[in-house]
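Shown here: my_file.txt, compact mmCIF, N, CA and C atoms and all ligand atoms.
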# COMPACT_ATOMS: atom_id res chain seq x y z
N MET I 1 0.84 -1.20 0.00
CA MET I 1 0.00 0.00 0.00
C MET I 1 0.87 1.25 0.00
N SER I 2 0.53 2.22 -0.84
CA SER I 2 1.32 3.44 -0.94
C SER I 2 0.86 4.48 0.07
N ASP I 3 1.79 5.37 0.52
CA ASP I 3 1.38 6.45 1.41
C ASP I 3 1.35 7.78 0.65
N SER I 4 1.09 7.69 -0.66
CA SER I 4 1.09 8.87 -1.51
C SER I 4 0.00 9.86 -1.12
N TRP I 5 0.28 11.14 -1.28
CA TRP I 5 -0.73 12.18 -1.04
C TRP I 5 -1.82 12.15 -2.10
N LEU I 6 -1.61 11.41 -3.16
CA LEU I 6 -2.60 11.38 -4.23
C LEU I 6 -3.86 10.59 -3.85
N HIS I 7 -3.71 9.68 -2.89
CA HIS I 7 -4.84 8.86 -2.43
C HIS I 7 -5.55 8.16 -3.58
N LEU I 8 -4.79 7.45 -4.37
CA LEU I 8 -5.37 6.73 -5.51
C LEU I 8 -5.54 5.24 -5.23
N GLU I 9 -5.23 4.81 -4.04
CA GLU I 9 -5.28 3.39 -3.72
C GLU I 9 -6.65 2.81 -4.05
N GLY I 10 -6.61 1.68 -4.77
CA GLY I 10 -7.84 0.96 -5.07
C GLY I 10 -8.60 1.48 -6.28
N LYS I 11 -8.16 2.61 -6.83
CA LYS I 11 -8.83 3.13 -8.03
C LYS I 11 -8.49 2.25 -9.23
N VAL I 12 -9.35 2.34 -10.24
CA VAL I 12 -9.16 1.57 -11.47
C VAL I 12 -8.87 2.55 -12.62
N ALA I 13 -7.77 2.32 -13.31
CA ALA I 13 -7.39 3.21 -14.42
C ALA I 13 -7.25 2.43 -15.71
N ILE I 14 -7.61 3.08 -16.80
CA ILE I 14 -7.30 2.57 -18.14
C ILE I 14 -6.23 3.49 -18.72
N VAL I 15 -5.15 2.89 -19.20
CA VAL I 15 -4.11 3.66 -19.88
C VAL I 15 -4.06 3.17 -21.32
N THR I 16 -4.54 3.98 -22.24
CA THR I 16 -4.45 3.57 -23.64
C THR I 16 -3.01 3.79 -24.12
N GLY I 17 -2.55 2.88 -24.95
CA GLY I 17 -1.15 2.97 -25.39
C GLY I 17 -0.17 2.77 -24.26
N GLY I 18 -0.58 2.02 -23.26
CA GLY I 18 0.25 1.86 -22.06
C GLY I 18 1.33 0.80 -22.18
N ALA I 19 1.46 0.17 -23.37
CA ALA I 19 2.43 -0.91 -23.51
C ALA I 19 3.85 -0.40 -23.73
N SER I 20 3.99 0.87 -24.08
CA SER I 20 5.35 1.37 -24.31
C SER I 20 5.42 2.87 -24.03
N GLY I 21 6.64 3.37 -24.08
CA GLY I 21 6.88 4.81 -24.01
C GLY I 21 6.27 5.49 -22.80
N ILE I 22 5.68 6.65 -23.03
CA ILE I 22 5.11 7.47 -21.96
C ILE I 22 4.03 6.70 -21.21
N GLY I 23 3.20 5.97 -21.99
CA GLY I 23 2.11 5.22 -21.37
C GLY I 23 2.59 4.17 -20.38
N ARG I 24 3.71 3.52 -20.72
CA ARG I 24 4.25 2.51 -19.81
C ARG I 24 4.73 3.17 -18.50
N HIS I 25 5.35 4.33 -18.62
CA HIS I 25 5.81 5.04 -17.41
C HIS I 25 4.63 5.48 -16.56
N ILE I 26 3.58 5.98 -17.21
CA ILE I 26 2.38 6.38 -16.46
C ILE I 26 1.80 5.16 -15.74
N THR I 27 1.74 4.04 -16.47
CA THR I 27 1.23 2.80 -15.89
C THR I 27 2.00 2.42 -14.63
N ASN I 28 3.32 2.43 -14.73
CA ASN I 28 4.15 2.05 -13.58
C ASN I 28 3.94 2.99 -12.41
N GLU I 29 3.80 4.28 -12.70
CA GLU I 29 3.60 5.28 -11.64
C GLU I 29 2.24 5.06 -10.96
N LEU I 30 1.23 4.79 -11.75
CA LEU I 30 -0.10 4.54 -11.16
C LEU I 30 -0.06 3.30 -10.27
N ILE I 31 0.58 2.24 -10.77
CA ILE I 31 0.66 1.01 -9.98
C ILE I 31 1.38 1.27 -8.66
N SER I 32 2.44 2.07 -8.71
CA SER I 32 3.18 2.34 -7.47
C SER I 32 2.36 3.20 -6.51
N ASN I 33 1.27 3.78 -7.00
CA ASN I 33 0.35 4.53 -6.15
C ASN I 33 -0.89 3.71 -5.79
N GLY I 34 -0.81 2.39 -6.00
CA GLY I 34 -1.89 1.52 -5.56
C GLY I 34 -3.06 1.39 -6.50
N VAL I 35 -2.86 1.82 -7.75
CA VAL I 35 -3.96 1.79 -8.73
C VAL I 35 -3.95 0.46 -9.49
N LYS I 36 -5.15 -0.06 -9.77
CA LYS I 36 -5.28 -1.22 -10.65
C LYS I 36 -5.36 -0.67 -12.08
N VAL I 37 -4.44 -1.11 -12.94
CA VAL I 37 -4.34 -0.51 -14.27
C VAL I 37 -4.67 -1.53 -15.36
N VAL I 38 -5.51 -1.08 -16.29
CA VAL I 38 -5.74 -1.83 -17.52
C VAL I 38 -4.99 -1.11 -18.63
N VAL I 39 -4.05 -1.82 -19.24
CA VAL I 39 -3.34 -1.29 -20.40
C VAL I 39 -4.11 -1.70 -21.64
N ALA I 40 -4.63 -0.71 -22.35
CA ALA I 40 -5.40 -0.97 -23.57
C ALA I 40 -4.54 -0.54 -24.75
N ASP I 41 -4.07 -1.52 -25.51
CA ASP I 41 -3.07 -1.22 -26.53
C ASP I 41 -3.22 -2.19 -27.70
N LEU I 42 -2.84 -1.71 -28.86
CA LEU I 42 -2.84 -2.57 -30.06
C LEU I 42 -1.86 -3.71 -29.93
N ASN I 43 -0.71 -3.42 -29.33
CA ASN I 43 0.41 -4.36 -29.33
C ASN I 43 0.57 -5.06 -27.99
N VAL I 44 -0.44 -5.78 -27.57
CA VAL I 44 -0.32 -6.57 -26.35
C VAL I 44 -0.97 -7.93 -26.55
N LYS I 45 -0.50 -8.89 -25.77
CA LYS I 45 -1.14 -10.19 -25.70
C LYS I 45 -2.15 -10.08 -24.57
N GLU I 46 -3.39 -10.37 -24.88
CA GLU I 46 -4.44 -10.16 -23.89
C GLU I 46 -4.27 -11.07 -22.67
N GLY I 47 -4.55 -10.50 -21.49
CA GLY I 47 -4.39 -11.24 -20.25
C GLY I 47 -5.35 -12.42 -20.15
N VAL I 48 -4.89 -13.50 -19.54
CA VAL I 48 -5.76 -14.64 -19.30
C VAL I 48 -6.09 -14.78 -17.82
N LYS I 49 -5.27 -14.18 -16.96
CA LYS I 49 -5.59 -14.14 -15.54
C LYS I 49 -5.27 -12.75 -15.02
N LEU I 50 -5.85 -12.40 -13.88
CA LEU I 50 -5.70 -11.04 -13.37
C LEU I 50 -4.26 -10.73 -12.99
N THR I 51 -3.75 -9.66 -13.54
CA THR I 51 -2.40 -9.18 -13.22
C THR I 51 -2.50 -7.66 -13.09
N ASN I 52 -1.47 -7.03 -12.60
CA ASN I 52 -1.43 -5.56 -12.56
C ASN I 52 -0.12 -5.09 -13.16
N PRO I 53 -0.12 -4.51 -14.39
CA PRO I 53 -1.30 -4.16 -15.16
C PRO I 53 -1.95 -5.38 -15.83
N TYR I 54 -3.21 -5.20 -16.15
CA TYR I 54 -3.93 -6.21 -16.92
C TYR I 54 -3.98 -5.72 -18.37
N TYR I 55 -3.68 -6.61 -19.31
CA TYR I 55 -3.58 -6.18 -20.70
C TYR I 55 -4.83 -6.54 -21.50
N LEU I 56 -5.37 -5.54 -22.18
CA LEU I 56 -6.48 -5.77 -23.10
C LEU I 56 -6.09 -5.23 -24.47
N LYS I 57 -6.29 -6.07 -25.47
CA LYS I 57 -5.99 -5.63 -26.84
C LYS I 57 -7.10 -4.68 -27.28
N CYS I 58 -6.71 -3.51 -27.80
CA CYS I 58 -7.72 -2.53 -28.19
C CYS I 58 -7.16 -1.59 -29.24
N ASP I 59 -8.01 -1.26 -30.21
CA ASP I 59 -7.68 -0.21 -31.17
C ASP I 59 -8.56 0.99 -30.84
N VAL I 60 -7.94 2.05 -30.34
CA VAL I 60 -8.73 3.18 -29.85
C VAL I 60 -9.43 3.94 -30.97
N THR I 61 -9.10 3.65 -32.22
CA THR I 61 -9.78 4.33 -33.32
C THR I 61 -11.07 3.59 -33.73
N LYS I 62 -11.33 2.44 -33.10
CA LYS I 62 -12.51 1.64 -33.47
C LYS I 62 -13.50 1.59 -32.30
N LYS I 63 -14.68 2.14 -32.53
CA LYS I 63 -15.67 2.24 -31.47
C LYS I 63 -15.95 0.88 -30.83
N GLU I 64 -16.14 -0.15 -31.67
CA GLU I 64 -16.49 -1.47 -31.11
C GLU I 64 -15.36 -2.03 -30.25
N SER I 65 -14.13 -1.71 -30.63
CA SER I 65 -12.99 -2.19 -29.86
C SER I 65 -12.94 -1.48 -28.50
N VAL I 66 -13.20 -0.17 -28.50
CA VAL I 66 -13.20 0.59 -27.24
C VAL I 66 -14.37 0.14 -26.36
N ASP I 67 -15.54 -0.03 -26.97
CA ASP I 67 -16.71 -0.49 -26.19
C ASP I 67 -16.40 -1.81 -25.49
N ARG I 68 -15.80 -2.73 -26.24
CA ARG I 68 -15.48 -4.05 -25.68
C ARG I 68 -14.48 -3.90 -24.54
N MET I 69 -13.46 -3.09 -24.74
CA MET I 69 -12.40 -2.91 -23.74
C MET I 69 -12.95 -2.32 -22.45
N VAL I 70 -13.82 -1.31 -22.58
CA VAL I 70 -14.40 -0.69 -21.38
C VAL I 70 -15.32 -1.69 -20.67
N ALA I 71 -16.13 -2.40 -21.44
CA ALA I 71 -17.04 -3.38 -20.83
C ALA I 71 -16.26 -4.46 -20.09
N LYS I 72 -15.17 -4.91 -20.68
CA LYS I 72 -14.35 -5.95 -20.06
C LYS I 72 -13.69 -5.42 -18.78
N THR I 73 -13.26 -4.15 -18.81
CA THR I 73 -12.65 -3.54 -17.62
C THR I 73 -13.66 -3.49 -16.48
N VAL I 74 -14.88 -3.06 -16.78
CA VAL I 74 -15.91 -2.97 -15.74
C VAL I 74 -16.27 -4.36 -15.23
N GLU I 75 -16.34 -5.32 -16.15
CA GLU I 75 -16.64 -6.70 -15.74
C GLU I 75 -15.58 -7.23 -14.77
N LEU I 76 -14.32 -6.93 -15.05
CA LEU I 76 -13.22 -7.46 -14.23
C LEU I 76 -12.99 -6.66 -12.95
N PHE I 77 -13.10 -5.33 -13.04
CA PHE I 77 -12.68 -4.49 -11.91
C PHE I 77 -13.80 -3.64 -11.30
N GLY I 78 -14.97 -3.66 -11.91
CA GLY I 78 -16.13 -3.01 -11.29
C GLY I 78 -16.37 -1.57 -11.66
N SER I 79 -15.36 -0.86 -12.15
CA SER I 79 -15.57 0.56 -12.51
C SER I 79 -14.39 1.05 -13.35
N VAL I 80 -14.53 2.27 -13.84
CA VAL I 80 -13.39 2.98 -14.44
C VAL I 80 -13.33 4.34 -13.75
N ASP I 81 -12.26 4.56 -12.98
CA ASP I 81 -12.14 5.82 -12.24
C ASP I 81 -11.24 6.83 -12.95
N ILE I 82 -10.26 6.32 -13.69
CA ILE I 82 -9.26 7.20 -14.31
C ILE I 82 -9.05 6.75 -15.75
N LEU I 83 -9.04 7.71 -16.67
CA LEU I 83 -8.70 7.40 -18.06
C LEU I 83 -7.48 8.22 -18.47
N ILE I 84 -6.43 7.52 -18.89
CA ILE I 84 -5.26 8.19 -19.46
C ILE I 84 -5.31 7.94 -20.97
N ASN I 85 -5.71 8.96 -21.69
CA ASN I 85 -5.93 8.86 -23.13
C ASN I 85 -4.62 9.15 -23.86
N ASN I 86 -3.74 8.16 -23.85
CA ASN I 86 -2.35 8.38 -24.29
C ASN I 86 -2.02 7.78 -25.65
N ALA I 87 -2.80 6.77 -26.09
CA ALA I 87 -2.44 6.07 -27.33
C ALA I 87 -2.26 7.05 -28.47
N GLY I 88 -1.28 6.80 -29.25
CA GLY I 88 -1.00 7.67 -30.38
C GLY I 88 0.31 7.25 -30.99
N GLY I 89 0.91 8.17 -31.66
CA GLY I 89 2.18 7.82 -32.26
C GLY I 89 2.92 9.06 -32.67
N ASN I 90 4.19 8.92 -32.74
CA ASN I 90 4.99 10.06 -33.21
C ASN I 90 5.82 9.66 -34.40
N ASP I 91 5.21 8.81 -35.26
CA ASP I 91 5.92 8.38 -36.46
C ASP I 91 5.85 9.43 -37.57
N TYR I 92 5.17 10.50 -37.32
CA TYR I 92 4.91 11.47 -38.38
C TYR I 92 6.01 12.51 -38.52
N GLY I 93 6.89 12.58 -37.54
CA GLY I 93 7.94 13.59 -37.59
C GLY I 93 7.34 14.97 -37.48
N PHE I 94 8.12 15.95 -37.87
CA PHE I 94 7.61 17.32 -37.84
C PHE I 94 6.77 17.56 -39.08
N LEU I 95 5.61 18.13 -38.88
CA LEU I 95 4.70 18.36 -40.00
C LEU I 95 4.96 19.74 -40.60
N ASP I 96 4.82 19.82 -41.91
CA ASP I 96 4.87 21.14 -42.52
C ASP I 96 3.80 21.21 -43.60
N LEU I 97 3.66 22.36 -44.19
CA LEU I 97 2.55 22.57 -45.13
C LEU I 97 2.71 21.74 -46.39
N GLU I 98 3.91 21.22 -46.65
CA GLU I 98 4.14 20.40 -47.84
C GLU I 98 3.58 18.99 -47.65
N THR I 99 3.21 18.61 -46.44
CA THR I 99 2.78 17.24 -46.17
C THR I 99 1.33 17.24 -45.68
N LEU I 100 0.48 17.86 -46.47
CA LEU I 100 -0.89 18.03 -46.06
C LEU I 100 -1.60 16.70 -45.80
N ASP I 101 -1.41 15.72 -46.69
CA ASP I 101 -2.08 14.43 -46.51
C ASP I 101 -1.68 13.79 -45.20
N GLU I 102 -0.39 13.86 -44.92
CA GLU I 102 0.13 13.28 -43.69
C GLU I 102 -0.52 13.98 -42.49
N LYS I 103 -0.65 15.29 -42.63
CA LYS I 103 -1.22 16.08 -41.53
C LYS I 103 -2.67 15.66 -41.29
N VAL I 104 -3.40 15.47 -42.38
CA VAL I 104 -4.80 15.05 -42.24
C VAL I 104 -4.86 13.68 -41.59
N GLY I 105 -3.95 12.78 -41.98
CA GLY I 105 -3.92 11.44 -41.37
C GLY I 105 -3.66 11.53 -39.89
N TYR I 106 -2.74 12.38 -39.52
CA TYR I 106 -2.38 12.54 -38.11
C TYR I 106 -3.58 13.06 -37.33
N THR I 107 -4.22 14.10 -37.87
CA THR I 107 -5.36 14.69 -37.18
C THR I 107 -6.47 13.66 -37.03
N ASN I 108 -6.70 12.88 -38.09
CA ASN I 108 -7.73 11.85 -38.00
C ASN I 108 -7.44 10.89 -36.87
N PHE I 109 -6.19 10.45 -36.79
CA PHE I 109 -5.84 9.47 -35.78
C PHE I 109 -6.03 10.04 -34.38
N GLU I 110 -5.49 11.21 -34.13
CA GLU I 110 -5.53 11.78 -32.79
C GLU I 110 -6.95 12.13 -32.39
N VAL I 111 -7.71 12.68 -33.32
CA VAL I 111 -9.05 13.18 -32.98
C VAL I 111 -10.08 12.06 -32.97
N ARG I 112 -9.89 11.09 -33.87
CA ARG I 112 -10.89 10.03 -33.98
C ARG I 112 -10.64 8.91 -32.97
N SER I 113 -9.90 9.18 -31.97
CA SER I 113 -9.64 8.13 -31.00
C SER I 113 -10.65 8.20 -29.88
N ILE I 114 -10.24 7.85 -28.71
CA ILE I 114 -11.15 7.55 -27.62
C ILE I 114 -12.02 8.71 -27.17
N MET I 115 -11.55 9.95 -27.31
CA MET I 115 -12.32 11.07 -26.79
C MET I 115 -13.48 11.43 -27.71
N CYS I 116 -13.49 10.90 -28.92
CA CYS I 116 -14.54 11.22 -29.85
C CYS I 116 -15.79 10.41 -29.49
N PRO I 117 -16.93 11.08 -29.25
CA PRO I 117 -18.13 10.34 -28.84
C PRO I 117 -18.50 9.24 -29.82
N GLY I 118 -18.27 9.46 -31.11
CA GLY I 118 -18.62 8.45 -32.09
C GLY I 118 -17.63 7.31 -32.14
N CYS I 119 -16.51 7.45 -31.44
CA CYS I 119 -15.45 6.44 -31.52
C CYS I 119 -15.14 5.83 -30.17
N GLY I 120 -16.08 5.83 -29.27
CA GLY I 120 -15.85 5.14 -28.01
C GLY I 120 -15.93 6.01 -26.78
N GLY I 121 -15.96 7.32 -26.94
CA GLY I 121 -16.02 8.20 -25.78
C GLY I 121 -17.21 7.92 -24.89
N GLN I 122 -18.32 7.55 -25.50
CA GLN I 122 -19.53 7.29 -24.70
C GLN I 122 -19.35 6.11 -23.76
N SER I 123 -18.50 5.17 -24.14
CA SER I 123 -18.26 4.01 -23.27
C SER I 123 -17.79 4.47 -21.91
N PHE I 124 -16.93 5.50 -21.90
CA PHE I 124 -16.38 5.97 -20.63
C PHE I 124 -17.38 6.80 -19.87
N LEU I 125 -18.14 7.60 -20.59
CA LEU I 125 -19.08 8.50 -19.93
C LEU I 125 -20.12 7.72 -19.13
N ARG I 126 -20.37 6.49 -19.52
CA ARG I 126 -21.37 5.68 -18.81
C ARG I 126 -20.88 5.23 -17.44
N HIS I 127 -19.58 5.30 -17.17
CA HIS I 127 -19.05 4.73 -15.93
C HIS I 127 -18.47 5.79 -15.01
N1 LIG F 201 7.23 11.13 -27.36
C1 LIG F 201 7.02 12.43 -27.63
O1 LIG F 201 7.95 13.23 -27.80
C2 LIG F 201 5.61 12.97 -27.74
C3 LIG F 201 5.43 14.32 -27.94
C4 LIG F 201 4.12 14.83 -28.02
C5 LIG F 201 3.04 13.98 -27.90
N2 LIG F 201 3.26 12.65 -27.71
C6 LIG F 201 2.08 11.81 -27.59
O2 LIG F 201 2.18 11.04 -26.39
C7 LIG F 201 1.60 9.76 -26.61
C8 LIG F 201 2.61 8.64 -26.28
O3 LIG F 201 3.79 8.86 -27.02
P1 LIG F 201 5.01 7.83 -26.96
O4 LIG F 201 6.19 8.55 -27.44
O5 LIG F 201 5.04 7.17 -25.62
O6 LIG F 201 4.56 6.79 -28.10
P2 LIG F 201 4.95 5.24 -28.29
O7 LIG F 201 4.92 5.03 -29.77
O8 LIG F 201 6.16 4.87 -27.53
O9 LIG F 201 3.72 4.49 -27.63
C9 LIG F 201 2.44 4.60 -28.19
C10 LIG F 201 1.64 3.37 -27.77
O10 LIG F 201 0.33 3.53 -28.36
C11 LIG F 201 -0.04 2.27 -28.92
N3 LIG F 201 -0.99 2.51 -29.99
C12 LIG F 201 -0.75 3.07 -31.19
N4 LIG F 201 -1.86 3.13 -31.91
C13 LIG F 201 -2.85 2.58 -31.14
C14 LIG F 201 -4.23 2.35 -31.34
N5 LIG F 201 -4.84 2.69 -32.47
N6 LIG F 201 -4.94 1.77 -30.34
C15 LIG F 201 -4.33 1.41 -29.18
N7 LIG F 201 -3.02 1.60 -28.94
C16 LIG F 201 -2.29 2.18 -29.92
C17 LIG F 201 1.26 1.65 -29.41
O11 LIG F 201 1.13 0.23 -29.56
C18 LIG F 201 2.22 2.05 -28.30
O12 LIG F 201 2.25 1.08 -27.27
C19 LIG F 201 1.15 9.71 -28.07
O13 LIG F 201 -0.22 10.05 -28.15
C20 LIG F 201 1.99 10.79 -28.72
O14 LIG F 201 1.37 11.32 -29.86
C21 LIG F 201 4.51 12.13 -27.62
Please, can you express the file's structure as structure tokens?
Ligand SMILES: NC(=O)c1ccc[n+]([C@@H]2O[C@H](COP(=O)([O-])OP(=O)(O)OC[C@H]3O[C@@H](n4cnc5c(N)ncnc54)[C@H](O)[C@@H]3O)[C@@H](O)[C@H]2O)c1
Amino acid sequence: MSDSWLHLEGKVAIVTGGASGIGRHITNELISNGVKVVVADLNVKEGVKLTNPYYLKCDVTKKESVDRMVAKTVELFGSVDILINNAGGNDYGFLDLETLDEKVGYTNFEVRSIMCPGCGGQSFLRH
């Protein structure tokens, strides 16, 4: 049990893109503060037994995938208290006006992810 001033013990968090990079560090920090974490990521092998973090395969750009992931989290842990909407990518490099198509692709990915009501945002609002 942590004695952190954050008082997050026992909370349930979903960290999208938590399998690597910034998301993995956030995941580790939450766990060290007593949080049960579900890592929702494209590149994970789905958990078969309860672990912390628990891994769920999810594509945050697909509403049905997000709906399933949130439902499974609630089924396993009872609620969703914290959402870290981190999934994304930085494969695009620096954008400039010469790469308009790339820019549109980037915007689509970032915006059409979990926070978009049509792409899974409603799953979270229910909990
Ligand atoms: N690293 C930086 O300098 C930087 C700067 C600004 C913003 N960001 C943002 O921070 C976030 C994390 O960056 P990072 O550097 O840790 O990236 P990363 O590439 O190391 O990790 C991203 C994670 O997201 C997962 N992911 C990608 N697409 C997904 C999808 N559709 N559904 C579910 N999971 C998916 C990947 O599998 C990976 O585990 C991203 O949103 C990125 O755009 C990063």
8 Å shell around ligand LIG 201 (chain F) using only N, CA and C atoms and all ligand atoms, listed as an mmCIF file with N, CA and C atoms, in the coordinates of the input:
data_model
loop_
_atom_site.group_PDB
_atom_site.id
_atom_site.type_symbol
_atom_site.label_atom_id
_atom_site.label_comp_id
_atom_site.auth_asym_id
_atom_site.auth_seq_id
_atom_site.Cartn_x
_atom_site.Cartn_y
_atom_site.Cartn_z
ATOM 1 N N VAL I 15 -5.150 2.890 -19.200
ATOM 2 C CA VAL I 15 -4.110 3.660 -19.880
ATOM 3 C C VAL I 15 -4.060 3.170 -21.320
ATOM 4 N N THR I 16 -4.540 3.980 -22.240
ATOM 5 C CA THR I 16 -4.450 3.570 -23.640
ATOM 6 C C THR I 16 -3.010 3.790 -24.120
ATOM 7 N N GLY I 17 -2.550 2.880 -24.950
ATOM 8 C CA GLY I 17 -1.150 2.970 -25.390
ATOM 9 C C GLY I 17 -0.170 2.770 -24.260
ATOM 10 N N GLY I 18 -0.580 2.020 -23.260
ATOM 11 C CA GLY I 18 0.250 1.860 -22.060
ATOM 12 C C GLY I 18 1.330 0.800 -22.180
ATOM 13 N N ALA I 19 1.460 0.170 -23.370
ATOM 14 C CA ALA I 19 2.430 -0.910 -23.510
ATOM 15 C C ALA I 19 3.850 -0.400 -23.730
ATOM 16 N N SER I 20 3.990 0.870 -24.080
ATOM 17 C CA SER I 20 5.350 1.370 -24.310
ATOM 18 C C SER I 20 5.420 2.870 -24.030
ATOM 19 N N GLY I 21 6.640 3.370 -24.080
ATOM 20 C CA GLY I 21 6.880 4.810 -24.010
ATOM 21 C C GLY I 21 6.270 5.490 -22.800
ATOM 22 N N ILE I 22 5.680 6.650 -23.030
ATOM 23 C CA ILE I 22 5.110 7.470 -21.960
ATOM 24 C C ILE I 22 4.030 6.700 -21.210
ATOM 25 N N GLY I 23 3.200 5.970 -21.990
ATOM 26 C CA GLY I 23 2.110 5.220 -21.370
ATOM 27 C C GLY I 23 2.590 4.170 -20.380
ATOM 28 N N ARG I 24 3.710 3.520 -20.720
ATOM 29 C CA ARG I 24 4.250 2.510 -19.810
ATOM 30 C C ARG I 24 4.730 3.170 -18.500
ATOM 31 N N HIS I 25 5.350 4.330 -18.620
ATOM 32 C CA HIS I 25 5.810 5.040 -17.410
ATOM 33 C C HIS I 25 4.630 5.480 -16.560
ATOM 34 N N ALA I 40 -4.630 -0.710 -22.350
ATOM 35 C CA ALA I 40 -5.400 -0.970 -23.570
ATOM 36 C C ALA I 40 -4.540 -0.540 -24.750
ATOM 37 N N ASP I 41 -4.070 -1.520 -25.510
ATOM 38 C CA ASP I 41 -3.070 -1.220 -26.530
ATOM 39 C C ASP I 41 -3.220 -2.190 -27.700
ATOM 40 N N LEU I 42 -2.840 -1.710 -28.860
ATOM 41 C CA LEU I 42 -2.840 -2.570 -30.060
ATOM 42 C C LEU I 42 -1.860 -3.710 -29.930
ATOM 43 N N ASN I 43 -0.710 -3.420 -29.330
ATOM 44 C CA ASN I 43 0.410 -4.360 -29.330
ATOM 45 C C ASN I 43 0.570 -5.060 -27.990
ATOM 46 N N VAL I 44 -0.440 -5.780 -27.570
ATOM 47 C CA VAL I 44 -0.320 -6.570 -26.350
ATOM 48 C C VAL I 44 -0.970 -7.930 -26.550
ATOM 49 N N LYS I 57 -6.290 -6.070 -25.470
ATOM 50 C CA LYS I 57 -5.990 -5.630 -26.840
ATOM 51 C C LYS I 57 -7.100 -4.680 -27.280
ATOM 52 N N CYS I 58 -6.710 -3.510 -27.800
ATOM 53 C CA CYS I 58 -7.720 -2.530 -28.190
ATOM 54 C C CYS I 58 -7.160 -1.590 -29.240
ATOM 55 N N ASP I 59 -8.010 -1.260 -30.210
ATOM 56 C CA ASP I 59 -7.680 -0.210 -31.170
ATOM 57 C C ASP I 59 -8.560 0.990 -30.840
ATOM 58 N N VAL I 60 -7.940 2.050 -30.340
ATOM 59 C CA VAL I 60 -8.730 3.180 -29.850
ATOM 60 C C VAL I 60 -9.430 3.940 -30.970
ATOM 61 N N THR I 61 -9.100 3.650 -32.220
ATOM 62 C CA THR I 61 -9.780 4.330 -33.320
ATOM 63 C C THR I 61 -11.070 3.590 -33.730
ATOM 64 N N LYS I 62 -11.330 2.440 -33.100
ATOM 65 C CA LYS I 62 -12.510 1.640 -33.470
ATOM 66 C C LYS I 62 -13.500 1.590 -32.300
ATOM 67 N N ASN I 85 -5.710 8.960 -21.690
ATOM 68 C CA ASN I 85 -5.930 8.860 -23.130
ATOM 69 C C ASN I 85 -4.620 9.150 -23.860
ATOM 70 N N ASN I 86 -3.740 8.160 -23.850
ATOM 71 C CA ASN I 86 -2.350 8.380 -24.290
ATOM 72 C C ASN I 86 -2.020 7.780 -25.650
ATOM 73 N N ALA I 87 -2.800 6.770 -26.090
ATOM 74 C CA ALA I 87 -2.440 6.070 -27.330
ATOM 75 C C ALA I 87 -2.260 7.050 -28.470
ATOM 76 N N GLY I 88 -1.280 6.800 -29.250
ATOM 77 C CA GLY I 88 -1.000 7.670 -30.380
ATOM 78 C C GLY I 88 0.310 7.250 -30.990
ATOM 79 N N GLY I 89 0.910 8.170 -31.660
ATOM 80 C CA GLY I 89 2.180 7.820 -32.260
ATOM 81 C C GLY I 89 2.920 9.060 -32.670
ATOM 82 N N ASN I 90 4.190 8.920 -32.740
ATOM 83 C CA ASN I 90 4.990 10.060 -33.210
ATOM 84 C C ASN I 90 5.820 9.660 -34.400
ATOM 85 N N ASP I 91 5.210 8.810 -35.260
ATOM 86 C CA ASP I 91 5.920 8.380 -36.460
ATOM 87 C C ASP I 91 5.850 9.430 -37.570
ATOM 88 N N PHE I 109 -6.190 10.450 -36.790
ATOM 89 C CA PHE I 109 -5.840 9.470 -35.780
ATOM 90 C C PHE I 109 -6.030 10.040 -34.380
ATOM 91 N N GLU I 110 -5.490 11.210 -34.130
ATOM 92 C CA GLU I 110 -5.530 11.780 -32.790
ATOM 93 C C GLU I 110 -6.950 12.130 -32.390
ATOM 94 N N SER I 113 -9.900 9.180 -31.970
ATOM 95 C CA SER I 113 -9.640 8.130 -31.000
ATOM 96 C C SER I 113 -10.650 8.200 -29.880
#
Nearest candidate to Ile26 of chain I (options I:Val74, I:His7, I:Lys45, I:Pro53; using only C-alpha atoms): I:Pro53
Mind giving me the straight-line distance from atom N of Leu6 of chain I to atom N of Ser79 of chain I in Å, one decimal? 20.5 Å
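Take atom CA of Thr51 of chain I and atom C of Ser65 of chain I: the distance between them is 20.1 Å.
Note that the spacing between atom N of Tyr54 of chain I and atom CA of Val39 of chain I amounts to 5.8 Å.
Restricting the calculation to all atoms listed in the file, the smallest distance between Val37 of chain I and any of I:Ala71, I:Leu50, I:Val80, I:Ile14 is found for I:Ile14.
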Centre and edges of the segment 74-87 of chain I box, axis-aligned, 4 Å extra per side, as JSON:
{"center_x": -9.3, "center_y": 0.8, "center_z": -19.9, "size_x": 22.6, "size_y": 24.6, "size_z": 25.2}
Counting all atoms listed in the file, write as a PyMOL selection string all protein and nucleic acid residues lying at most 8 Å from (-9.7, 2.3, -4.2) in the file's frame. chain I and resi 7-12+34-36
In segment 4-93 of chain I, what's alpha helix (DSSP H) per DSSP? Answer as a list of chain:residue names? I:Gly21, I:Ile22, I:Gly23, I:Arg24, I:His25, I:Ile26, I:Thr27, I:Asn28, I:Glu29, I:Leu30, I:Ile31, I:Ser32, I:Lys63, I:Glu64, I:Ser65, I:Val66, I:Asp67, I:Arg68, I:Met69, I:Val70, I:Ala71, I:Lys72, I:Thr73, I:Val74, I:Glu75, I:Leu76, I:Phe77
